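Q: Just protein_22.txt, nothing more (compact mmCIF, C-alpha atoms):
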# COMPACT_ATOMS: atom_id res chain seq x y z
CA GLY A 1 -89.89 31.36 -25.98
CA ASP A 2 -88.83 28.19 -27.67
CA LEU A 3 -87.73 28.35 -31.28
CA GLY A 4 -86.54 26.01 -33.95
CA PRO A 5 -85.19 23.55 -34.79
CA PHE A 6 -83.57 25.37 -37.70
CA ASN A 7 -82.73 22.94 -40.48
CA PRO A 8 -81.68 24.16 -43.90
CA GLY A 9 -84.40 23.82 -46.53
CA LEU A 10 -87.16 23.04 -44.05
CA PRO A 11 -89.81 25.65 -43.22
CA VAL A 12 -90.11 26.65 -39.56
CA GLU A 13 -92.53 28.98 -37.81
CA VAL A 14 -90.98 31.91 -35.98
CA PRO A 15 -92.22 35.21 -34.56
CA VAL A 16 -92.41 37.97 -37.17
CA TRP A 17 -89.68 40.08 -35.53
CA LEU A 18 -87.24 37.22 -35.88
CA ALA A 19 -88.30 36.42 -39.43
CA ILE A 20 -87.71 40.00 -40.57
CA ASN A 21 -84.36 40.12 -38.81
CA LEU A 22 -83.16 36.86 -40.37
CA LYS A 23 -84.38 37.95 -43.80
CA GLN A 24 -82.49 41.23 -43.47
CA ARG A 25 -79.35 39.24 -42.69
CA GLN A 26 -80.07 37.16 -45.80
CA LYS A 27 -80.28 33.94 -43.84
CA CYS A 28 -83.71 32.86 -45.00
CA ARG A 29 -86.64 33.17 -47.36
CA LEU A 30 -90.04 34.19 -46.00
CA ILE A 31 -93.20 32.28 -46.86
CA PRO A 32 -96.30 34.52 -47.13
CA PRO A 33 -99.47 33.54 -45.21
CA GLU A 34 -102.25 31.75 -47.12
CA TRP A 35 -104.51 34.77 -47.28
CA MET A 36 -101.83 36.91 -48.93
CA ASP A 37 -103.06 35.88 -52.35
CA VAL A 38 -104.60 38.02 -55.09
CA GLU A 39 -107.88 36.11 -55.45
CA LYS A 40 -108.53 35.91 -51.72
CA LEU A 41 -107.75 39.58 -51.21
CA GLU A 42 -110.00 40.58 -54.13
CA GLU A 43 -112.85 38.68 -52.47
CA ILE A 44 -112.24 40.46 -49.21
CA ARG A 45 -111.99 43.88 -50.82
CA ASP A 46 -115.23 43.36 -52.71
CA GLN A 47 -117.07 42.20 -49.65
CA GLU A 48 -115.79 45.15 -47.64
CA ARG A 49 -117.07 47.55 -50.31
CA LYS A 50 -120.44 45.85 -50.50
CA GLU A 51 -121.31 45.65 -46.81
CA ASP A 52 -121.89 48.49 -44.37
CA THR A 53 -120.48 46.44 -41.54
CA PHE A 54 -116.88 45.37 -41.07
CA THR A 55 -115.77 42.10 -42.68
CA PRO A 56 -113.83 39.77 -40.42
CA MET A 57 -110.24 39.91 -41.64
CA PRO A 58 -108.12 36.79 -42.22
CA SER A 59 -105.60 38.00 -39.71
CA PRO A 60 -105.89 40.46 -36.84
CA TYR A 61 -102.56 41.80 -38.06
CA TYR A 62 -103.26 41.90 -41.79
CA MET A 63 -102.03 45.46 -42.20
CA GLU A 64 -98.83 45.06 -40.21
CA LEU A 65 -97.96 41.76 -41.89
CA THR A 66 -98.60 43.16 -45.35
CA LYS A 67 -96.44 46.22 -44.70
CA LEU A 68 -93.59 44.24 -43.18
CA LEU A 69 -93.55 41.42 -45.72
CA LEU A 70 -93.86 43.74 -48.71
CA ASN A 71 -91.13 46.03 -47.36
CA TYR A 72 -88.59 43.39 -46.46
CA ALA A 73 -89.48 40.31 -48.46
CA SER A 74 -91.30 41.40 -51.60
CA ASP A 75 -89.05 39.08 -53.58
CA ASN A 76 -90.69 36.16 -51.74
CA ILE A 77 -94.24 37.35 -52.47
CA PRO A 78 -95.81 36.61 -55.85
CA LYS A 79 -97.69 39.60 -57.40
CA ALA A 80 -96.49 41.86 -54.58
CA ASP A 81 -97.68 45.10 -56.19
CA GLU A 82 -101.20 43.84 -56.76
CA ILE A 83 -101.32 42.64 -53.18
CA ARG A 84 -100.17 45.99 -51.91
CA THR A 85 -102.94 47.77 -53.84
CA LEU A 86 -105.65 45.31 -52.78
CA VAL A 87 -104.77 45.58 -49.10
CA LYS A 88 -104.57 49.36 -49.31
CA ASP A 89 -108.01 49.53 -50.95
CA THR A 90 -109.51 47.33 -48.26
CA TRP A 91 -107.84 49.39 -45.54
CA ASP A 92 -109.13 52.65 -47.04
CA THR A 93 -112.68 51.32 -47.22
CA ARG A 94 -112.54 50.12 -43.62
CA LEU A 95 -111.14 53.39 -42.32
CA ALA A 96 -113.81 55.35 -44.16
CA LYS A 97 -116.46 53.21 -42.46
CA LEU A 98 -114.73 53.70 -39.13
CA ARG A 99 -114.72 57.46 -39.55
CA LEU A 100 -118.45 57.43 -40.31
CA SER A 101 -119.11 55.26 -37.24
CA ALA A 102 -117.00 57.49 -35.04
CA ASP A 103 -118.80 60.56 -36.31
CA SER A 104 -122.21 59.08 -35.58
CA PHE A 105 -121.00 57.86 -32.17
CA VAL A 106 -120.04 61.39 -31.18
CA ARG A 107 -123.12 63.04 -32.68
CA GLN A 108 -125.58 60.71 -31.05
CA GLN A 109 -123.66 60.75 -27.79
CA GLU A 110 -123.52 56.99 -27.57
CA ALA A 111 -122.23 55.42 -24.41
CA HIS A 112 -121.04 52.11 -25.83
CA ALA A 113 -119.99 50.48 -29.11
CA LYS A 114 -119.13 46.92 -30.08
CA LEU A 115 -116.24 46.68 -32.53
CA ASP A 116 -115.58 43.00 -33.00
CA ASN A 117 -114.21 42.89 -36.51
CA LEU A 118 -111.83 45.80 -36.16
CA THR A 119 -108.13 45.07 -35.97
CA LEU A 120 -105.81 46.73 -33.47
CA MET A 121 -104.10 48.76 -36.17
CA GLU A 122 -107.41 50.33 -37.19
CA ILE A 123 -108.47 50.95 -33.60
CA ASN A 124 -105.19 52.63 -32.71
CA THR A 125 -105.08 54.73 -35.88
CA THR A 126 -108.28 56.56 -34.98
CA GLY A 127 -108.58 55.59 -31.33
CA THR A 128 -106.60 58.32 -29.62
CA PHE A 129 -108.28 61.02 -31.64
CA LEU A 130 -111.71 59.59 -30.92
CA THR A 131 -111.20 59.15 -27.18
CA GLN A 132 -109.72 62.62 -26.79
CA ALA A 133 -112.60 64.12 -28.78
CA LEU A 134 -115.07 62.29 -26.55
CA ASP A 135 -113.25 63.60 -23.46
CA HIS A 136 -113.50 67.18 -24.72
CA MET A 137 -117.21 66.76 -25.47
CA TYR A 138 -117.72 65.39 -21.98
CA LYS A 139 -115.94 68.31 -20.35
CA LEU A 140 -117.88 70.82 -22.41
CA ARG A 141 -121.13 69.15 -21.51
CA THR A 142 -120.54 68.79 -17.79
CA ASN A 143 -119.41 72.38 -17.53
CA LEU A 144 -122.76 73.53 -18.89
CA GLN A 145 -124.34 72.49 -15.63
CA PRO A 146 -122.60 74.17 -12.71
CA GLY A 147 -123.20 72.66 -9.31
CA GLU A 148 -123.10 69.11 -10.69
CA SER A 149 -119.98 67.04 -10.44
CA ALA A 150 -118.11 69.57 -12.61
CA HIS A 151 -114.78 70.61 -11.17
CA SER A 152 -113.54 73.86 -12.61
CA GLN A 153 -109.94 72.80 -12.12
CA ASP A 154 -110.27 69.65 -14.23
CA PHE A 155 -108.54 70.60 -17.47
CA GLY B 1 -91.01 28.23 -13.53
CA PRO B 2 -90.08 31.32 -11.50
CA ASP B 3 -91.65 31.56 -8.05
CA SER B 4 -92.40 34.81 -6.34
CA ASP B 5 -91.00 35.39 -2.89
CA GLY B 6 -92.31 37.81 -0.34
CA GLY B 7 -95.84 37.71 -1.78
CA SER B 8 -98.80 36.07 -0.12
CA GLU B 9 -99.61 34.20 -3.35
CA GLU B 10 -97.42 31.60 -5.01
CA LEU B 11 -97.14 32.66 -8.62
CA VAL B 12 -95.86 29.84 -10.78
CA LEU B 13 -95.95 30.73 -14.46
CA THR B 14 -94.10 29.49 -17.49
CA PRO B 15 -91.77 32.12 -18.96
CA ALA B 16 -94.19 32.58 -21.87
CA GLN B 17 -97.11 33.15 -19.50
CA LEU B 18 -95.02 35.56 -17.47
CA ILE B 19 -94.19 37.68 -20.50
CA ARG B 20 -97.84 37.57 -21.53
CA SER B 21 -98.79 38.90 -18.05
CA LEU B 22 -96.23 41.66 -18.40
CA GLU B 23 -97.63 42.64 -21.80
CA GLN B 24 -101.16 42.68 -20.40
CA ALA B 25 -100.14 44.85 -17.44
CA TRP B 26 -98.25 47.15 -19.84
CA LEU B 27 -101.18 47.66 -22.21
CA ASN B 28 -103.64 48.15 -19.37
CA GLU B 29 -101.39 50.75 -17.79
CA LYS B 30 -100.90 52.50 -21.14
CA PHE B 31 -104.59 52.90 -21.85
CA ALA B 32 -106.04 53.37 -18.36
CA PRO B 33 -106.62 56.99 -17.32
CA GLU B 34 -105.59 56.28 -13.71
CA LEU B 35 -102.62 54.56 -12.08
CA LEU B 36 -103.38 50.84 -11.77
CA GLU B 37 -102.39 48.41 -9.01
CA SER B 38 -98.69 47.79 -8.84
CA LYS B 39 -97.64 44.30 -9.90
CA PRO B 40 -94.50 43.53 -7.88
CA GLU B 41 -94.72 39.78 -8.51
CA ILE B 42 -94.64 40.23 -12.27
CA ILE B 43 -91.82 42.75 -12.19
CA GLU B 44 -89.72 40.66 -9.81
CA CYS B 45 -90.14 37.53 -11.90
CA VAL B 46 -89.40 39.32 -15.17
CA VAL B 47 -86.20 40.84 -13.77
CA GLU B 48 -85.20 37.41 -12.48
CA GLN B 49 -85.94 35.90 -15.88
CA LEU B 50 -83.86 38.54 -17.66
CA ASP B 51 -80.93 38.01 -15.29
CA HIS B 52 -81.20 34.28 -15.90
CA MET B 53 -81.15 34.79 -19.67
CA GLU B 54 -78.19 37.18 -19.48
CA ALA B 55 -76.25 34.66 -17.42
CA ASN B 56 -77.00 31.92 -19.98
CA LEU B 57 -75.77 34.16 -22.75
CA LYS B 58 -72.48 34.83 -21.01
CA ARG B 59 -71.88 31.13 -20.70
CA ALA B 60 -72.93 30.23 -24.26
CA LYS B 61 -70.42 29.50 -26.98
CA ARG B 62 -69.96 32.16 -29.60
CA GLU B 63 -72.69 30.75 -31.83
CA ASP B 64 -73.60 33.80 -33.81
CA LEU B 65 -77.25 33.03 -34.56
CA LYS B 66 -78.38 31.65 -31.21
CA VAL B 67 -76.67 34.35 -29.19
CA SER B 68 -78.03 37.18 -31.30
CA VAL B 69 -81.57 35.80 -31.23
CA HIS B 70 -81.54 35.50 -27.44
CA ARG B 71 -80.04 38.95 -27.15
CA MET B 72 -82.87 40.36 -29.30
CA GLU B 73 -85.42 38.60 -27.12
CA ILE B 74 -83.88 40.08 -23.98
CA GLU B 75 -83.94 43.58 -25.50
CA ARG B 76 -87.58 43.20 -26.49
CA ILE B 77 -88.64 42.13 -23.00
CA ARG B 78 -86.54 44.85 -21.44
CA TYR B 79 -88.26 47.43 -23.66
CA VAL B 80 -91.71 46.36 -22.52
CA LEU B 81 -90.67 46.39 -18.88
CA SER B 82 -89.11 49.88 -19.16
CA SER B 83 -92.09 51.22 -21.04
CA TYR B 84 -94.42 49.84 -18.37
CA LEU B 85 -92.45 51.39 -15.52
CA ARG B 86 -92.07 54.69 -17.37
CA CYS B 87 -95.81 54.83 -18.03
CA ARG B 88 -96.44 54.44 -14.31
CA LEU B 89 -93.95 57.16 -13.43
CA VAL B 90 -95.61 59.58 -15.85
CA LYS B 91 -98.94 58.99 -14.13
CA ILE B 92 -97.41 59.28 -10.68
CA GLU B 93 -95.92 62.66 -11.60
CA LYS B 94 -99.14 63.79 -13.22
CA PHE B 95 -101.46 62.85 -10.37
CA PHE B 96 -99.07 62.85 -7.42
CA PRO B 97 -101.27 64.29 -4.63
CA HIS B 98 -104.16 61.96 -5.55
CA VAL B 99 -101.95 58.91 -5.87
CA LEU B 100 -100.46 59.56 -2.44
CA GLU B 101 -103.86 60.25 -0.92
CA LYS B 102 -105.25 57.01 -2.32
CA GLU B 103 -102.32 55.04 -0.98
CA LYS B 104 -102.52 56.66 2.47
CA SER B 105 -106.23 55.97 2.81
CA ARG B 106 -105.94 52.38 1.62
CA THR B 107 -107.51 49.76 3.88
CA GLU B 108 -105.52 46.74 5.09
CA GLY B 109 -106.62 44.10 2.55
CA GLU B 110 -106.68 46.40 -0.48
CA PRO B 111 -103.86 46.00 -3.00
CA SER B 112 -101.33 48.79 -3.24
CA ILE B 113 -101.11 51.02 -6.31
CA LEU B 114 -97.52 52.00 -5.55
CA SER B 115 -94.46 49.86 -5.06
CA PRO B 116 -92.30 50.88 -2.09
CA GLU B 117 -89.87 52.59 -4.49
CA GLU B 118 -92.68 54.38 -6.30
CA PHE B 119 -94.14 55.49 -2.97
CA ALA B 120 -90.82 56.99 -1.91
CA PHE B 121 -90.51 58.69 -5.30
CA ALA B 122 -94.01 60.14 -5.07
CA LYS B 123 -93.43 61.52 -1.58
CA GLU B 124 -90.15 63.13 -2.62
CA TYR B 125 -91.75 64.54 -5.77
CA MET B 126 -94.53 66.07 -3.70
CA ALA B 127 -92.14 67.53 -1.14
CA ASN B 128 -89.93 69.00 -3.87
CA THR B 129 -92.90 70.48 -5.72
CA GLU B 130 -94.25 72.05 -2.54
CA THR B 131 -90.89 73.55 -1.66
CA TYR B 132 -90.37 74.86 -5.17
CA LEU B 133 -93.84 76.39 -5.32
CA LYS B 134 -93.30 78.02 -1.95
CA ASN B 135 -89.88 79.46 -2.78
CA VAL B 136 -90.69 80.62 -6.28
CA ALA B 137 -94.18 82.01 -5.75
CA LEU B 138 -96.03 81.51 -2.49
CA LYS B 139 -93.71 83.28 -0.10
CA HIS B 140 -93.98 86.38 -2.25
CA MET B 141 -97.76 86.40 -2.02
CA PRO B 142 -99.78 88.31 0.55
CA PRO B 143 -100.02 86.22 3.76
CA ASN B 144 -103.61 85.08 3.26
CA LEU B 145 -102.80 83.57 -0.16
CA GLN B 146 -99.78 81.59 0.84
CA LYS B 147 -101.48 78.24 1.24
CA VAL B 148 -102.20 76.08 -1.78
CA SER B 149 -103.84 72.69 -1.55
CA LEU B 150 -102.14 70.53 -4.15
CA LEU B 151 -104.86 67.95 -3.68
CA LYS B 152 -107.43 70.49 -4.84
CA SER B 153 -105.43 72.17 -7.59
CA VAL B 154 -103.78 69.24 -9.35
CA PRO B 155 -106.28 67.71 -11.80
CA LYS B 156 -107.58 64.25 -10.99
CA PRO B 157 -107.46 61.42 -13.51
CA ASN B 158 -110.57 61.50 -15.70
CA LEU B 159 -112.24 58.18 -15.00
CA ASP B 160 -115.01 59.05 -17.44
CA SER B 161 -112.64 58.77 -20.41
CA PHE B 162 -113.55 56.27 -23.07
CA VAL B 163 -111.33 53.25 -23.56
CA PHE B 164 -111.14 50.35 -26.00
CA LEU B 165 -111.12 46.87 -24.56
CA ARG B 166 -111.13 43.18 -25.47
CA VAL B 167 -113.07 40.73 -23.30
CA LEU B 168 -111.06 37.87 -21.79
CA GLU B 169 -113.73 36.44 -19.49
CA ARG B 170 -117.43 36.62 -20.25
CA GLN B 171 -119.30 39.20 -18.18
CA GLU B 172 -123.04 39.64 -17.92
CA ASN B 173 -125.24 42.61 -17.21
CA ILE B 174 -122.76 45.43 -17.30
CA LEU B 175 -124.67 48.64 -16.75
CA VAL B 176 -124.18 51.35 -19.36
CA GLU B 177 -125.13 54.78 -18.05
CA PRO B 178 -126.83 57.24 -20.38
CA GLU B 179 -124.95 60.20 -21.79
CA THR B 180 -127.91 62.53 -22.12
CA ASP B 181 -131.03 63.07 -20.08
CA GLU B 182 -133.19 61.68 -22.86
CA GLN B 183 -131.41 58.34 -22.95
CA ARG B 184 -132.04 55.51 -20.56
CA GLU B 185 -129.50 53.24 -18.98
CA TYR B 186 -129.22 49.71 -20.33
CA THR B 187 -127.18 46.59 -19.68
CA ILE B 188 -124.91 44.70 -22.03
CA ASP B 189 -123.23 41.33 -21.92
CA LEU B 190 -119.55 41.13 -22.74
CA GLU B 191 -118.82 38.05 -24.82
CA GLU B 192 -115.37 36.50 -24.66
CA GLY B 193 -113.20 37.76 -27.51
CA SER B 194 -115.39 40.73 -28.37
CA GLN B 195 -114.08 44.28 -28.55
CA HIS B 196 -115.80 47.38 -27.15
CA LEU B 197 -115.58 51.13 -26.72
CA ILE B 198 -116.93 52.26 -23.35
CA ARG B 199 -116.31 54.59 -20.42
CA TYR B 200 -113.44 53.50 -18.19
CA LYS B 201 -115.40 54.03 -14.97
CA THR B 202 -117.91 51.31 -15.83
CA ILE B 203 -115.31 48.62 -16.43
CA ALA B 204 -112.51 49.64 -14.06
CA PRO B 205 -113.06 46.67 -11.71
CA LEU B 206 -112.94 44.31 -14.71
CA VAL B 207 -109.52 45.63 -15.68
CA ALA B 208 -108.27 45.08 -12.13
CA SER B 209 -109.60 41.52 -12.08
CA GLY B 210 -108.19 40.65 -15.47
CA ALA B 211 -111.59 39.98 -17.05
CA VAL B 212 -110.94 42.54 -19.80
CA GLN B 213 -107.84 43.83 -21.54
CA LEU B 214 -107.46 47.49 -22.62
CA ILE B 215 -106.29 47.88 -26.22
Please render this file's structure as structure tokens.
A:
Amino acid sequence: GDLGPFNPGLPVEVPVWLAINLKQRQKCRLIPPEWMDVEKLEEIRDQERKEDTFTPMPSPYYMELTKLLLNYASDNIPKADEIRTLVKDTWDTRLAKLRLSADSFVRQQEAHAKLDNLTLMEINTTGTFLTQALDHMYKLRTNLQPGESAHSQDF
Amino acid sequence: GPDSDGGSEELVLTPAQLIRSLEQAWLNEKFAPELLESKPEIIECVVEQLDHMEANLKRAKREDLKVSVHRMEIERIRYVLSSYLRCRLVKIEKFFPHVLEKEKSRTEGEPSILSPEEFAFAKEYMANTETYLKNVALKHMPPNLQKVSLLKSVPKPNLDSFVFLRVLERQENILVEPETDEQREYTIDLEEGSQHLIRYKTIAPLVASGAVQLI
């Protein structure tokens, strides 16, 4: 892609991988995104705890960005520790909801679910487990009825 | 932008679009239970692009920052490309008799799921497996048990697996089949930008057409 221009003292937008790399080489200072602010994150955490549904997050990569920025550039983030705790609390609440949803999905043998406000990180944290569990359930169920499309060699 | 040669379609994409296509193909391949169509145009163009970038780097002055940034970019793209090709090879090895059968029974206009190199690899893999099985086990069996149909014994990809997807192009009236006898089938609309969990079989054609992206 196209990057730059890089002028000293002037902020420039770059992909995260480059930002982290430059920061590690002590060539720059990182500027946190607008939503990475204690008040905003408190609002989000509270809303997440209040509602049964998933709150839309300010960034589809909120977890990844928080982890990366707090690991490599915490000196550029005001109130870094509070932010870390707030994001973790929100994440924990969301994952708990996700686990409940997944449980009910499997129990009620649903065929479809809409997951608009989930971020990729959340989906991939539980996703493999959930899809494999669903596969096992499917195999157990179809093998109950011999003579259907069940293939005994499908393991 | 890079043009594809040898294909029936002219593919003119900006480098950014090309990499985006590669990433989409990579993710789809990663999360799909079966081997997807091969994408020779994308691979060819990406390799060309990488060669181009390498050549530029060789010619560039020893400007530490610029050179290292471009080098990182090349490594990142190369990683995605390797991961994509490796993912395909894993599936080819896992489902080899079915992959070959599908390719052999393909009709004229249908797109290929194997590149010529992958096809050669699959055939060799099958031949080697058959020979190995015969020499290690089958020839020591009683005569009436010496034949094994790999097509019947090697498990097929499970197209009923659930997958996660994001909708790129709005789709209407997708039929959702019931899981149990008590449930009824129903249809759903897939809004652009929405995310879903659903059986692969239902949406397989949408993956092939690029209307949805597996995540």
Q: Give the answer as one residue: which of B:Ser161, B:Ser209, B:Asn173, B:Ser21 has the shortest atom-to-atom distance to chain A, using only C-alpha atoms?
A: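 Going through B:Ser161, B:Ser209, B:Asn173, B:Ser21 one by one, the smallest distance to chain A is for B:Ser161.
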Q: Residues of chain B no more than 8 Å from chain A, counting all atoms listed in the file: send them over as a CSV table (one decimal) with C-alpha atoms, keeping the file's coordinate frame.
A:
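Saved the output as out.csv:
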chain,number,residue,atom,x,y,z
B,15,PRO,CA,-91.8,32.1,-19.0
B,16,ALA,CA,-94.2,32.6,-21.9
B,69,VAL,CA,-81.6,35.8,-31.2
B,153,SER,CA,-105.4,72.2,-7.6
B,154,VAL,CA,-103.8,69.2,-9.4
B,155,PRO,CA,-106.3,67.7,-11.8
B,156,LYS,CA,-107.6,64.2,-11.0
B,160,ASP,CA,-115.0,59.0,-17.4
B,161,SER,CA,-112.6,58.8,-20.4
B,162,PHE,CA,-113.6,56.3,-23.1
B,163,VAL,CA,-111.3,53.2,-23.6
B,164,PHE,CA,-111.1,50.4,-26.0
B,176,VAL,CA,-124.2,51.4,-19.4
B,177,GLU,CA,-125.1,54.8,-18.0
B,178,PRO,CA,-126.8,57.2,-20.4
B,179,GLU,CA,-125.0,60.2,-21.8
B,180,THR,CA,-127.9,62.5,-22.1
B,193,GLY,CA,-113.2,37.8,-27.5
B,194,SER,CA,-115.4,40.7,-28.4
B,195,GLN,CA,-114.1,44.3,-28.6
B,196,HIS,CA,-115.8,47.4,-27.2
B,197,LEU,CA,-115.6,51.1,-26.7
B,198,ILE,CA,-116.9,52.3,-23.4
B,199,ARG,CA,-116.3,54.6,-20.4
B,215,ILE,CA,-106.3,47.9,-26.2
Q: Pick the closest to Glu34 (chain A) from A:Asn143, A:Phe129, A:Pro78, A:Lys97: which is it, counting all atoms listed in the file?
A: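 Looking only at the distances to Glu34 (chain A), the closest residue turns out to be A:Pro78.
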Q: In Å to one decimal, how far is CA of Asn128 (chain B) from CA of Val148 (chain B)?
A: 14.3 Å
Q: Between CA of Ile174 (chain B) and CA of Asp189 (chain B), what distance in Å does the model show, to one decimal?
A: 6.2 Å
Q: Could you list as a VMD selection string every residue that has an atom within 10 Å of (-100.9, 53.2, -11.7), using the file's coordinates and counting only C-alpha atoms?
A: chain B and resid 28 to 30 32 to 39 84 to 85 87 to 92 95 99 112 to 115 118
Q: Between A:Lys79, A:Arg45, A:Lys67, A:Lys50, which has the minimum distance to Ile20 (chain A) (counting all atoms listed in the file)?
A: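 Using all atoms listed in the file, Ile20 (chain A) sits closest to A:Lys67.
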Q: Rebuild N, CA, C and O atoms on region 122-135 of chain A, as a PDB file, in the frame of the given file?
A:
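Ended up saving to result.pdb:
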ATOM      1  N   GLU A 122    -106.344  49.382 -36.863  1.00  0.00           N
ATOM      2  CA  GLU A 122    -107.410  50.330 -37.190  1.00  0.00           C
ATOM      3  C   GLU A 122    -107.859  51.078 -35.944  1.00  0.00           C
ATOM      4  O   GLU A 122    -108.026  52.291 -35.959  1.00  0.00           O
ATOM      5  N   ILE A 123    -108.026  50.333 -34.843  1.00  0.00           N
ATOM      6  CA  ILE A 123    -108.470  50.950 -33.600  1.00  0.00           C
ATOM      7  C   ILE A 123    -107.478  52.007 -33.144  1.00  0.00           C
ATOM      8  O   ILE A 123    -107.843  53.110 -32.760  1.00  0.00           O
ATOM      9  N   ASN A 124    -106.178  51.687 -33.212  1.00  0.00           N
ATOM     10  CA  ASN A 124    -105.190  52.630 -32.710  1.00  0.00           C
ATOM     11  C   ASN A 124    -104.930  53.785 -33.666  1.00  0.00           C
ATOM     12  O   ASN A 124    -104.447  54.831 -33.243  1.00  0.00           O
ATOM     13  N   THR A 125    -105.258  53.623 -34.944  1.00  0.00           N
ATOM     14  CA  THR A 125    -105.080  54.730 -35.880  1.00  0.00           C
ATOM     15  C   THR A 125    -106.054  55.854 -35.559  1.00  0.00           C
ATOM     16  O   THR A 125    -105.684  57.018 -35.560  1.00  0.00           O
ATOM     17  N   THR A 126    -107.313  55.498 -35.271  1.00  0.00           N
ATOM     18  CA  THR A 126    -108.280  56.560 -34.980  1.00  0.00           C
ATOM     19  C   THR A 126    -108.566  56.682 -33.500  1.00  0.00           C
ATOM     20  O   THR A 126    -109.173  57.647 -33.057  1.00  0.00           O
ATOM     21  N   GLY A 127    -108.153  55.684 -32.725  1.00  0.00           N
ATOM     22  CA  GLY A 127    -108.580  55.590 -31.330  1.00  0.00           C
ATOM     23  C   GLY A 127    -108.254  56.778 -30.459  1.00  0.00           C
ATOM     24  O   GLY A 127    -109.125  57.283 -29.754  1.00  0.00           O
ATOM     25  N   THR A 128    -106.990  57.221 -30.505  1.00  0.00           N
ATOM     26  CA  THR A 128    -106.600  58.320 -29.620  1.00  0.00           C
ATOM     27  C   THR A 128    -107.404  59.557 -29.939  1.00  0.00           C
ATOM     28  O   THR A 128    -107.892  60.249 -29.051  1.00  0.00           O
ATOM     29  N   PHE A 129    -107.518  59.843 -31.230  1.00  0.00           N
ATOM     30  CA  PHE A 129    -108.280  61.020 -31.640  1.00  0.00           C
ATOM     31  C   PHE A 129    -109.706  60.923 -31.135  1.00  0.00           C
ATOM     32  O   PHE A 129    -110.255  61.872 -30.561  1.00  0.00           O
ATOM     33  N   LEU A 130    -110.317  59.767 -31.317  1.00  0.00           N
ATOM     34  CA  LEU A 130    -111.710  59.590 -30.920  1.00  0.00           C
ATOM     35  C   LEU A 130    -111.883  59.744 -29.416  1.00  0.00           C
ATOM     36  O   LEU A 130    -112.762  60.465 -28.955  1.00  0.00           O
ATOM     37  N   THR A 131    -111.023  59.080 -28.629  1.00  0.00           N
ATOM     38  CA  THR A 131    -111.200  59.150 -27.180  1.00  0.00           C
ATOM     39  C   THR A 131    -110.939  60.557 -26.669  1.00  0.00           C
ATOM     40  O   THR A 131    -111.646  61.037 -25.775  1.00  0.00           O
ATOM     41  N   GLN A 132    -109.968  61.246 -27.237  1.00  0.00           N
ATOM     42  CA  GLN A 132    -109.720  62.620 -26.790  1.00  0.00           C
ATOM     43  C   GLN A 132    -110.893  63.529 -27.165  1.00  0.00           C
ATOM     44  O   GLN A 132    -111.288  64.395 -26.382  1.00  0.00           O
ATOM     45  N   ALA A 133    -111.435  63.320 -28.358  1.00  0.00           N
ATOM     46  CA  ALA A 133    -112.600  64.120 -28.780  1.00  0.00           C
ATOM     47  C   ALA A 133    -113.761  63.880 -27.828  1.00  0.00           C
ATOM     48  O   ALA A 133    -114.444  64.820 -27.400  1.00  0.00           O
ATOM     49  N   LEU A 134    -113.985  62.617 -27.470  1.00  0.00           N
ATOM     50  CA  LEU A 134    -115.070  62.290 -26.550  1.00  0.00           C
ATOM     51  C   LEU A 134    -114.831  62.940 -25.178  1.00  0.00           C
ATOM     52  O   LEU A 134    -115.765  63.429 -24.543  1.00  0.00           O
ATOM     53  N   ASP A 135    -113.575  62.953 -24.739  1.00  0.00           N
ATOM     54  CA  ASP A 135    -113.250  63.600 -23.460  1.00  0.00           C
ATOM     55  C   ASP A 135    -113.590  65.079 -23.503  1.00  0.00           C
ATOM     56  O   ASP A 135    -114.165  65.627 -22.563  1.00  0.00           O
TER      57      ASP A 135
END
